[in-house]
$ cat query-v8.cif   # mmCIF, C-alpha atoms
data_protein
#
loop_
_atom_site.label_atom_id
_atom_site.label_comp_id
_atom_site.auth_asym_id
_atom_site.auth_seq_id
_atom_site.Cartn_x
_atom_site.Cartn_y
_atom_site.Cartn_z
CA MET A 1 30.08 14.53 -46.32
CA ASN A 2 28.57 12.11 -48.85
CA PRO A 3 24.83 11.60 -48.12
CA ASP A 4 24.67 8.54 -50.36
CA ALA A 5 27.49 6.87 -48.43
CA ASN A 6 25.63 7.61 -45.20
CA VAL A 7 22.48 5.96 -46.56
CA GLU A 8 24.45 2.93 -47.72
CA ARG A 9 25.93 2.55 -44.25
CA PHE A 10 22.53 2.60 -42.56
CA ASP A 11 21.04 0.24 -45.15
CA ALA A 12 23.83 -2.23 -44.40
CA LEU A 13 23.27 -1.97 -40.64
CA ALA A 14 19.46 -2.03 -40.69
CA ASN A 15 18.84 -5.68 -39.85
CA GLU A 16 21.22 -5.63 -36.88
CA TRP A 17 20.54 -2.08 -35.69
CA ASP A 18 18.27 -3.13 -32.82
CA ASN A 19 20.73 -5.75 -31.53
CA ASP A 20 22.63 -3.15 -29.51
CA PRO A 21 20.96 -2.98 -26.06
CA GLN A 22 22.58 0.37 -25.24
CA ARG A 23 21.16 1.88 -28.44
CA VAL A 24 17.69 0.53 -27.69
CA PHE A 25 17.81 1.80 -24.11
CA MET A 26 18.98 5.24 -25.28
CA ALA A 27 16.09 5.49 -27.75
CA GLN A 28 13.61 4.45 -25.07
CA LYS A 29 14.90 7.10 -22.68
CA VAL A 30 14.74 9.79 -25.36
CA ALA A 31 11.24 8.77 -26.46
CA ARG A 32 9.96 8.86 -22.89
CA ALA A 33 11.56 12.26 -22.35
CA MET A 34 9.81 13.51 -25.49
CA ARG A 35 6.50 12.08 -24.39
CA ASN A 36 6.81 13.66 -20.96
CA ALA A 37 7.86 17.05 -22.33
CA LEU A 38 5.20 17.19 -25.04
CA ALA A 39 2.38 15.54 -23.06
CA PRO A 40 0.40 14.75 -26.24
CA ALA A 41 -3.36 14.55 -25.96
CA GLY A 42 -3.59 11.77 -28.55
CA THR A 43 -5.14 13.98 -31.22
CA GLU A 44 -1.90 15.33 -32.70
CA THR A 45 -0.39 14.62 -36.10
CA ALA A 46 3.38 14.29 -36.08
CA LEU A 47 6.38 14.03 -38.36
CA GLU A 48 9.43 12.10 -37.24
CA PHE A 49 12.48 12.54 -39.46
CA GLY A 50 15.37 10.15 -39.26
CA ALA A 51 12.97 7.54 -37.92
CA GLY A 52 15.32 4.63 -38.61
CA THR A 53 14.00 1.28 -37.41
CA GLY A 54 11.37 2.99 -35.31
CA LEU A 55 12.86 2.69 -31.83
CA VAL A 56 11.34 6.08 -30.97
CA THR A 57 8.43 5.80 -33.41
CA LEU A 58 6.82 2.83 -31.73
CA ILE A 59 6.75 4.54 -28.35
CA MET A 60 5.50 7.90 -29.61
CA ALA A 61 2.92 6.55 -32.07
CA ARG A 62 0.79 5.09 -29.29
CA HIS A 63 0.25 8.60 -27.93
CA LEU A 64 -0.48 10.36 -31.23
CA ALA A 65 -3.27 10.34 -33.80
CA ARG A 66 -0.95 9.84 -36.76
CA VAL A 67 2.80 9.78 -37.37
CA THR A 68 4.66 10.22 -40.64
CA ALA A 69 8.00 8.42 -40.30
CA LEU A 70 10.63 9.76 -42.71
CA ASP A 71 14.11 8.34 -43.26
CA ALA A 72 16.61 8.25 -46.12
CA SER A 73 17.45 4.58 -45.51
CA ALA A 74 15.01 2.21 -47.19
CA GLY A 75 16.60 -0.66 -45.28
CA MET A 76 15.85 0.93 -41.93
CA LEU A 77 12.28 1.68 -42.95
CA ASN A 78 11.72 -1.92 -44.04
CA VAL A 79 12.48 -2.94 -40.46
CA LEU A 80 10.08 -0.26 -39.18
CA ARG A 81 7.29 -1.47 -41.49
CA ALA A 82 7.72 -5.03 -40.23
CA LYS A 83 7.52 -3.82 -36.63
CA CYS A 84 4.35 -1.82 -37.29
CA ALA A 85 2.74 -4.85 -38.94
CA ALA A 86 3.73 -7.14 -36.07
CA LYS A 87 2.39 -4.70 -33.47
CA HIS A 88 -0.74 -3.82 -35.51
CA LEU A 89 0.17 -0.12 -35.53
CA GLU A 90 -1.98 1.40 -38.25
CA ASN A 91 -1.35 5.10 -37.59
CA VAL A 92 2.23 5.22 -38.94
CA ASP A 93 2.88 6.33 -42.52
CA VAL A 94 6.39 5.47 -43.75
CA ILE A 95 8.15 7.65 -46.34
CA THR A 96 11.63 7.19 -47.79
CA GLY A 97 13.58 10.41 -48.22
CA ASN A 98 15.88 12.91 -46.56
CA VAL A 99 15.29 16.27 -44.96
CA PRO A 100 14.65 18.86 -46.12
CA GLN A 101 14.24 17.65 -49.71
CA ALA A 102 11.56 15.03 -48.98
CA MET A 103 9.53 16.99 -46.43
CA PRO A 104 5.82 16.33 -47.02
CA ALA A 105 3.65 19.32 -47.84
CA ASN A 106 1.52 18.81 -44.72
CA ARG A 107 1.69 20.87 -41.56
CA TYR A 108 2.03 19.00 -38.28
CA ASP A 109 1.25 19.56 -34.64
CA LEU A 110 4.56 17.99 -33.66
CA ILE A 111 7.89 17.39 -35.41
CA TYR A 112 10.51 15.36 -33.59
CA ALA A 113 13.80 13.61 -34.16
CA SER A 114 16.34 11.71 -32.08
CA MET A 115 20.09 11.70 -32.75
CA VAL A 116 19.64 12.87 -36.34
CA LEU A 117 20.75 16.49 -36.48
CA ARG A 118 24.43 15.62 -36.23
CA HIS A 119 24.08 14.13 -39.73
CA VAL A 120 22.60 17.38 -41.14
CA ALA A 121 25.13 19.81 -42.60
CA ASP A 122 23.07 23.02 -42.25
CA VAL A 123 21.03 22.72 -39.07
CA PRO A 124 19.87 26.38 -38.88
CA ALA A 125 18.43 26.09 -42.40
CA LEU A 126 16.64 22.87 -41.48
CA LEU A 127 15.12 24.48 -38.39
CA GLY A 128 13.57 27.10 -40.66
CA VAL A 129 12.03 24.35 -42.80
CA LEU A 130 10.66 22.61 -39.71
CA PHE A 131 9.10 25.89 -38.58
CA ASP A 132 7.33 26.23 -41.92
CA HIS A 133 5.90 22.71 -41.63
CA LEU A 134 4.34 23.22 -38.21
CA ALA A 135 0.74 24.17 -37.59
CA PRO A 136 0.15 27.29 -35.46
CA ASN A 137 1.36 26.57 -31.91
CA GLY A 138 2.99 23.38 -33.19
CA ARG A 139 6.11 22.18 -31.43
CA VAL A 140 9.46 20.60 -32.21
CA ALA A 141 11.22 18.11 -29.95
CA LEU A 142 14.81 17.53 -31.01
CA ALA A 143 17.28 15.30 -29.18
CA ASP A 144 21.00 15.12 -29.87
CA LEU A 145 24.39 15.13 -28.22
CA ASP A 146 25.85 17.98 -26.27
CA THR A 147 29.16 19.17 -27.69
CA GLU A 148 31.70 16.33 -27.48
CA ASP A 149 35.26 15.68 -28.61
CA GLY A 150 34.42 13.40 -31.53
CA SER A 151 34.99 10.20 -29.63
CA PHE A 152 31.30 9.27 -29.57
CA HIS A 153 31.34 8.22 -33.24
CA GLY A 154 35.02 7.57 -33.66
CA ALA A 155 35.79 7.04 -37.35
CA ALA A 156 32.14 6.63 -38.42
CA LYS A 157 31.33 8.44 -41.67
CA GLY A 158 28.45 10.81 -42.28
CA VAL A 159 28.80 12.85 -39.07
CA ALA A 160 28.65 16.59 -39.68
CA HIS A 161 28.68 17.78 -36.04
CA HIS A 162 30.24 16.49 -32.83
CA GLY A 163 27.25 17.52 -30.77
CA PHE A 164 25.83 20.98 -30.19
CA ASP A 165 26.17 23.78 -27.67
CA ARG A 166 22.78 24.34 -26.05
CA ALA A 167 23.00 28.14 -26.01
CA THR A 168 23.93 28.20 -29.70
CA PHE A 169 21.15 25.79 -30.53
CA ALA A 170 18.64 27.95 -28.64
CA THR A 171 19.77 30.94 -30.74
CA TRP A 172 19.26 28.93 -33.92
CA LEU A 173 15.73 28.05 -32.79
CA ARG A 174 14.85 31.67 -32.06
CA ASP A 175 16.35 32.83 -35.36
CA ALA A 176 14.12 30.30 -37.15
CA GLY A 177 11.07 31.84 -35.47
CA PHE A 178 10.57 29.49 -32.55
CA ALA A 179 9.55 30.70 -29.11
CA GLU A 180 10.15 29.30 -25.64
CA PRO A 181 13.06 26.94 -26.33
CA GLN A 182 13.59 24.72 -23.32
CA PHE A 183 16.29 22.13 -22.73
CA THR A 184 16.44 19.06 -20.56
CA THR A 185 18.87 16.14 -20.41
CA ALA A 186 17.03 13.15 -21.85
CA HIS A 187 19.77 10.60 -21.21
CA THR A 188 23.50 10.26 -20.59
CA VAL A 189 25.40 7.60 -22.51
CA GLN A 190 28.35 6.05 -20.68
CA ARG A 191 31.11 4.41 -22.66
CA ALA A 192 34.51 2.99 -21.76
CA ALA A 193 37.53 4.49 -23.53
CA ASP A 194 40.49 2.46 -24.71
CA ASP A 195 42.34 3.26 -21.48
CA GLY A 196 39.47 1.92 -19.38
CA SER A 197 38.17 5.30 -18.26
CA MET A 198 34.47 6.05 -18.58
CA HIS A 199 33.23 8.86 -20.81
CA GLU A 200 29.82 10.46 -20.38
CA TYR A 201 27.89 11.85 -23.36
CA PRO A 202 24.76 13.81 -22.35
CA ILE A 203 21.87 13.93 -24.80
CA PHE A 204 19.78 17.08 -24.67
CA LEU A 205 16.12 17.41 -25.59
CA ALA A 206 15.18 20.81 -27.04
CA VAL A 207 11.47 21.67 -27.18
CA ALA A 208 10.21 24.87 -28.79
CA ARG A 209 6.94 26.25 -30.15
CA ARG A 210 5.87 27.94 -33.34
CA SER A 211 4.39 31.10 -31.88
#
$ encode --input "query-v8.cif" --output "structure tokens"
Amino acid sequence: MNPDANVERFDALANEWDNDPQRVFMAQKVARAMRNALAPAGTETALEFGAGTGLVTLIMARHLARVTALDASAGMLNVLRAKCAAKHLENVDVITGNVPQAMPANRYDLIYASMVLRHVADVPALLGVLFDHLAPNGRVALADLDTEDGSFHGAAKGVAHHGFDRATFATWLRDAGFAEPQFTTAHTVQRAADDGSMHEYPIFLAVARRS
């Protein structure tokens, strides 16, 4: 997988990314599932990696003290900056870079991501980095696809995993040091196949704590 090619693809799609109503609805459902699972008090600092155009960011930021939004695509983040300015959101810091190389030195109360891990080659290693960047009792909230047959992305480049098995993912979390991994289904995407049949793609939300 070529990370630079992946970034180029997202840069090219940035200005039209939010034009897909199914994508926007999916992000809203995931963000609300995160908010409900985490129940933030409004005092937390958070890191969102793979923030993209901020479809999840804008929902979560209103319930947090401060959010650092990290993404490798400068084009996507330009859209996010414009949204924050238009909505007068002043508690979002935008940083261009990829995980884990560009992880800020800070520790956070919350680290979350939506539909990003499938682009990460070594997910267990990344989970260890996330653990190290959490404050004591900090939590992760990670949403991605359940294991699927590869039809969700089709021929799209930059996809390292066709979803994840929940039991395996829970083991990865525990091996990284996390406690109490819990899974819910945040949303189910429905798409029509070429033969007219409908395919369902569940999206899990995994929440775990740095003990």
$ atom_distance --input "query-v8.cif" --atom1 "CA of Glu8 in chain A" --atom2 "CA of Phe204 in chain A"
27.4 Å
$ resolve_selection --input "query-v8.cif" --expression "the PyMOL selection byres ((chain A and resi 10) around 12)" --output "NGL selection string"
:A and (3-9 or 11-17 or 50-53 or 71-79 or 119 or 156-158)
$ residues_around --input "query-v8.cif" --residues "Asp122 in chain A" --least-positions-apart "3" --cutoff "12 Å" --atoms "all atoms listed in the file" --output "number ranges by chain"
A: 1, 99-100, 117-119, 125-129, 160-161, 172
$ atom_distance --input "query-v8.cif" --atom1 "CA of Thr96 in chain A" --atom2 "CA of Ala135 in chain A"
22.6 Å
$ closest_residue --input "query-v8.cif" --among "A:His133, A:His153, A:Arg139, A:Arg66" --to "Arg191 in chain A" --atoms "all atoms listed in the file"
A:His153
$ atom_distance --input "query-v8.cif" --atom1 "CA of Arg107 in chain A" --atom2 "CA of Arg210 in chain A"
11.6 Å
$ resolve_selection --input "query-v8.cif" --expression "the PyMOL selection byres ((chain A and resi 147) around 7)" --output "PyMOL selection string"
chain A and resi 145-146+148+162-165
$ decode --input "query-v8.cif" --residues "range 114-155 of chain A" --atoms "N, CA and C atoms" --output "PDB file, in the first residue's frame"
ATOM      1  N   SER A 114     -13.056   7.327  13.126  1.00  0.00           N
ATOM      2  CA  SER A 114     -14.156   6.681  12.420  1.00  0.00           C
ATOM      3  C   SER A 114     -13.709   6.256  11.024  1.00  0.00           C
ATOM      4  N   MET A 115     -13.799   4.961  10.754  1.00  0.00           N
ATOM      5  CA  MET A 115     -13.549   4.418   9.418  1.00  0.00           C
ATOM      6  C   MET A 115     -12.140   4.751   8.917  1.00  0.00           C
ATOM      7  N   VAL A 116     -11.182   4.659   9.818  1.00  0.00           N
ATOM      8  CA  VAL A 116      -9.795   5.003   9.500  1.00  0.00           C
ATOM      9  C   VAL A 116      -8.877   3.781   9.586  1.00  0.00           C
ATOM     10  N   LEU A 117      -9.140   2.900  10.539  1.00  0.00           N
ATOM     11  CA  LEU A 117      -8.203   1.820  10.820  1.00  0.00           C
ATOM     12  C   LEU A 117      -7.991   0.899   9.637  1.00  0.00           C
ATOM     13  N   ARG A 118      -8.959   0.796   8.747  1.00  0.00           N
ATOM     14  CA  ARG A 118      -8.785  -0.087   7.600  1.00  0.00           C
ATOM     15  C   ARG A 118      -7.702   0.409   6.649  1.00  0.00           C
ATOM     16  N   HIS A 119      -7.274   1.673   6.826  1.00  0.00           N
ATOM     17  CA  HIS A 119      -6.185   2.229   6.026  1.00  0.00           C
ATOM     18  C   HIS A 119      -4.832   2.096   6.713  1.00  0.00           C
ATOM     19  N   VAL A 120      -4.809   1.530   7.923  1.00  0.00           N
ATOM     20  CA  VAL A 120      -3.581   1.408   8.724  1.00  0.00           C
ATOM     21  C   VAL A 120      -3.045  -0.014   8.597  1.00  0.00           C
ATOM     22  N   ALA A 121      -1.814  -0.152   8.144  1.00  0.00           N
ATOM     23  CA  ALA A 121      -1.259  -1.481   7.902  1.00  0.00           C
ATOM     24  C   ALA A 121      -1.132  -2.296   9.184  1.00  0.00           C
ATOM     25  N   ASP A 122      -0.554  -1.712  10.240  1.00  0.00           N
ATOM     26  CA  ASP A 122      -0.281  -2.439  11.483  1.00  0.00           C
ATOM     27  C   ASP A 122      -1.158  -1.864  12.590  1.00  0.00           C
ATOM     28  N   VAL A 123      -2.366  -2.367  12.694  1.00  0.00           N
ATOM     29  CA  VAL A 123      -3.313  -1.847  13.680  1.00  0.00           C
ATOM     30  C   VAL A 123      -2.888  -2.173  15.110  1.00  0.00           C
ATOM     31  N   PRO A 124      -2.443  -3.396  15.431  1.00  0.00           N
ATOM     32  CA  PRO A 124      -2.009  -3.656  16.811  1.00  0.00           C
ATOM     33  C   PRO A 124      -0.918  -2.692  17.274  1.00  0.00           C
ATOM     34  N   ALA A 125       0.047  -2.387  16.398  1.00  0.00           N
ATOM     35  CA  ALA A 125       1.098  -1.437  16.775  1.00  0.00           C
ATOM     36  C   ALA A 125       0.511  -0.052  17.041  1.00  0.00           C
ATOM     37  N   LEU A 126      -0.430   0.373  16.219  1.00  0.00           N
ATOM     38  CA  LEU A 126      -1.050   1.678  16.422  1.00  0.00           C
ATOM     39  C   LEU A 126      -1.808   1.729  17.741  1.00  0.00           C
ATOM     40  N   LEU A 127      -2.493   0.650  18.100  1.00  0.00           N
ATOM     41  CA  LEU A 127      -3.223   0.634  19.366  1.00  0.00           C
ATOM     42  C   LEU A 127      -2.276   0.851  20.545  1.00  0.00           C
ATOM     43  N   GLY A 128      -1.076   0.308  20.452  1.00  0.00           N
ATOM     44  CA  GLY A 128      -0.093   0.549  21.499  1.00  0.00           C
ATOM     45  C   GLY A 128       0.308   2.005  21.585  1.00  0.00           C
ATOM     46  N   VAL A 129       0.441   2.669  20.448  1.00  0.00           N
ATOM     47  CA  VAL A 129       0.762   4.103  20.426  1.00  0.00           C
ATOM     48  C   VAL A 129      -0.388   4.908  21.018  1.00  0.00           C
ATOM     49  N   LEU A 130      -1.612   4.549  20.672  1.00  0.00           N
ATOM     50  CA  LEU A 130      -2.772   5.262  21.230  1.00  0.00           C
ATOM     51  C   LEU A 130      -2.806   5.125  22.746  1.00  0.00           C
ATOM     52  N   PHE A 131      -2.512   3.922  23.236  1.00  0.00           N
ATOM     53  CA  PHE A 131      -2.480   3.700  24.686  1.00  0.00           C
ATOM     54  C   PHE A 131      -1.496   4.651  25.358  1.00  0.00           C
ATOM     55  N   ASP A 132      -0.327   4.801  24.752  1.00  0.00           N
ATOM     56  CA  ASP A 132       0.717   5.645  25.327  1.00  0.00           C
ATOM     57  C   ASP A 132       0.350   7.125  25.314  1.00  0.00           C
ATOM     58  N   HIS A 133      -0.592   7.513  24.465  1.00  0.00           N
ATOM     59  CA  HIS A 133      -0.975   8.922  24.355  1.00  0.00           C
ATOM     60  C   HIS A 133      -2.261   9.249  25.105  1.00  0.00           C
ATOM     61  N   LEU A 134      -2.727   8.316  25.915  1.00  0.00           N
ATOM     62  CA  LEU A 134      -3.897   8.565  26.745  1.00  0.00           C
ATOM     63  C   LEU A 134      -3.488   8.917  28.168  1.00  0.00           C
ATOM     64  N   ALA A 135      -4.239   9.818  28.776  1.00  0.00           N
ATOM     65  CA  ALA A 135      -4.080  10.096  30.191  1.00  0.00           C
ATOM     66  C   ALA A 135      -4.601   8.903  30.990  1.00  0.00           C
ATOM     67  N   PRO A 136      -4.229   8.784  32.268  1.00  0.00           N
ATOM     68  CA  PRO A 136      -4.769   7.700  33.088  1.00  0.00           C
ATOM     69  C   PRO A 136      -6.297   7.686  33.032  1.00  0.00           C
ATOM     70  N   ASN A 137      -6.860   6.511  32.845  1.00  0.00           N
ATOM     71  CA  ASN A 137      -8.304   6.314  32.686  1.00  0.00           C
ATOM     72  C   ASN A 137      -8.855   6.925  31.401  1.00  0.00           C
ATOM     73  N   GLY A 138      -7.966   7.333  30.495  1.00  0.00           N
ATOM     74  CA  GLY A 138      -8.427   7.816  29.201  1.00  0.00           C
ATOM     75  C   GLY A 138      -9.019   6.686  28.378  1.00  0.00           C
ATOM     76  N   ARG A 139      -9.800   7.056  27.379  1.00  0.00           N
ATOM     77  CA  ARG A 139     -10.517   6.049  26.599  1.00  0.00           C
ATOM     78  C   ARG A 139     -10.311   6.237  25.099  1.00  0.00           C
ATOM     79  N   VAL A 140     -10.392   5.129  24.385  1.00  0.00           N
ATOM     80  CA  VAL A 140     -10.448   5.162  22.921  1.00  0.00           C
ATOM     81  C   VAL A 140     -11.859   4.810  22.489  1.00  0.00           C
ATOM     82  N   ALA A 141     -12.259   5.372  21.352  1.00  0.00           N
ATOM     83  CA  ALA A 141     -13.523   5.019  20.704  1.00  0.00           C
ATOM     84  C   ALA A 141     -13.212   4.882  19.217  1.00  0.00           C
ATOM     85  N   LEU A 142     -13.247   3.666  18.718  1.00  0.00           N
ATOM     86  CA  LEU A 142     -12.781   3.369  17.366  1.00  0.00           C
ATOM     87  C   LEU A 142     -13.880   2.662  16.588  1.00  0.00           C
ATOM     88  N   ALA A 143     -14.283   3.267  15.484  1.00  0.00           N
ATOM     89  CA  ALA A 143     -15.356   2.713  14.661  1.00  0.00           C
ATOM     90  C   ALA A 143     -14.800   2.269  13.315  1.00  0.00           C
ATOM     91  N   ASP A 144     -15.190   1.069  12.897  1.00  0.00           N
ATOM     92  CA  ASP A 144     -14.799   0.592  11.569  1.00  0.00           C
ATOM     93  C   ASP A 144     -15.704  -0.568  11.182  1.00  0.00           C
ATOM     94  N   LEU A 145     -15.471  -1.097  10.007  1.00  0.00           N
ATOM     95  CA  LEU A 145     -16.306  -2.161   9.472  1.00  0.00           C
ATOM     96  C   LEU A 145     -16.047  -3.493  10.161  1.00  0.00           C
ATOM     97  N   ASP A 146     -17.115  -4.256  10.340  1.00  0.00           N
ATOM     98  CA  ASP A 146     -16.934  -5.670  10.623  1.00  0.00           C
ATOM     99  C   ASP A 146     -16.323  -6.337   9.388  1.00  0.00           C
ATOM    100  N   THR A 147     -15.770  -7.520   9.581  1.00  0.00           N
ATOM    101  CA  THR A 147     -15.158  -8.242   8.470  1.00  0.00           C
ATOM    102  C   THR A 147     -16.128  -8.348   7.298  1.00  0.00           C
ATOM    103  N   GLU A 148     -15.655  -7.956   6.112  1.00  0.00           N
ATOM    104  CA  GLU A 148     -16.497  -8.032   4.903  1.00  0.00           C
ATOM    105  C   GLU A 148     -15.679  -8.629   3.759  1.00  0.00           C
ATOM    106  N   ASP A 149     -16.338  -8.843   2.625  1.00  0.00           N
ATOM    107  CA  ASP A 149     -15.721  -9.593   1.534  1.00  0.00           C
ATOM    108  C   ASP A 149     -14.912  -8.739   0.572  1.00  0.00           C
ATOM    109  N   GLY A 150     -14.720  -7.469   0.884  1.00  0.00           N
ATOM    110  CA  GLY A 150     -13.974  -6.581   0.015  1.00  0.00           C
ATOM    111  C   GLY A 150     -14.833  -5.775  -0.927  1.00  0.00           C
ATOM    112  N   SER A 151     -16.121  -6.041  -0.928  1.00  0.00           N
ATOM    113  CA  SER A 151     -17.013  -5.341  -1.845  1.00  0.00           C
ATOM    114  C   SER A 151     -17.353  -3.930  -1.380  1.00  0.00           C
ATOM    115  N   PHE A 152     -17.101  -3.617  -0.114  1.00  0.00           N
ATOM    116  CA  PHE A 152     -17.438  -2.279   0.381  1.00  0.00           C
ATOM    117  C   PHE A 152     -16.651  -1.212  -0.369  1.00  0.00           C
ATOM    118  N   HIS A 153     -15.364  -1.444  -0.586  1.00  0.00           N
ATOM    119  CA  HIS A 153     -14.510  -0.472  -1.257  1.00  0.00           C
ATOM    120  C   HIS A 153     -14.302  -0.767  -2.732  1.00  0.00           C
ATOM    121  N   GLY A 154     -14.616  -1.987  -3.136  1.00  0.00           N
ATOM    122  CA  GLY A 154     -14.388  -2.328  -4.533  1.00  0.00           C
ATOM    123  C   GLY A 154     -12.917  -2.223  -4.885  1.00  0.00           C
ATOM    124  N   ALA A 155     -12.613  -1.466  -5.935  1.00  0.00           N
ATOM    125  CA  ALA A 155     -11.231  -1.346  -6.414  1.00  0.00           C
ATOM    126  C   ALA A 155     -10.494  -0.152  -5.823  1.00  0.00           C
TER     127      ALA A 155
END
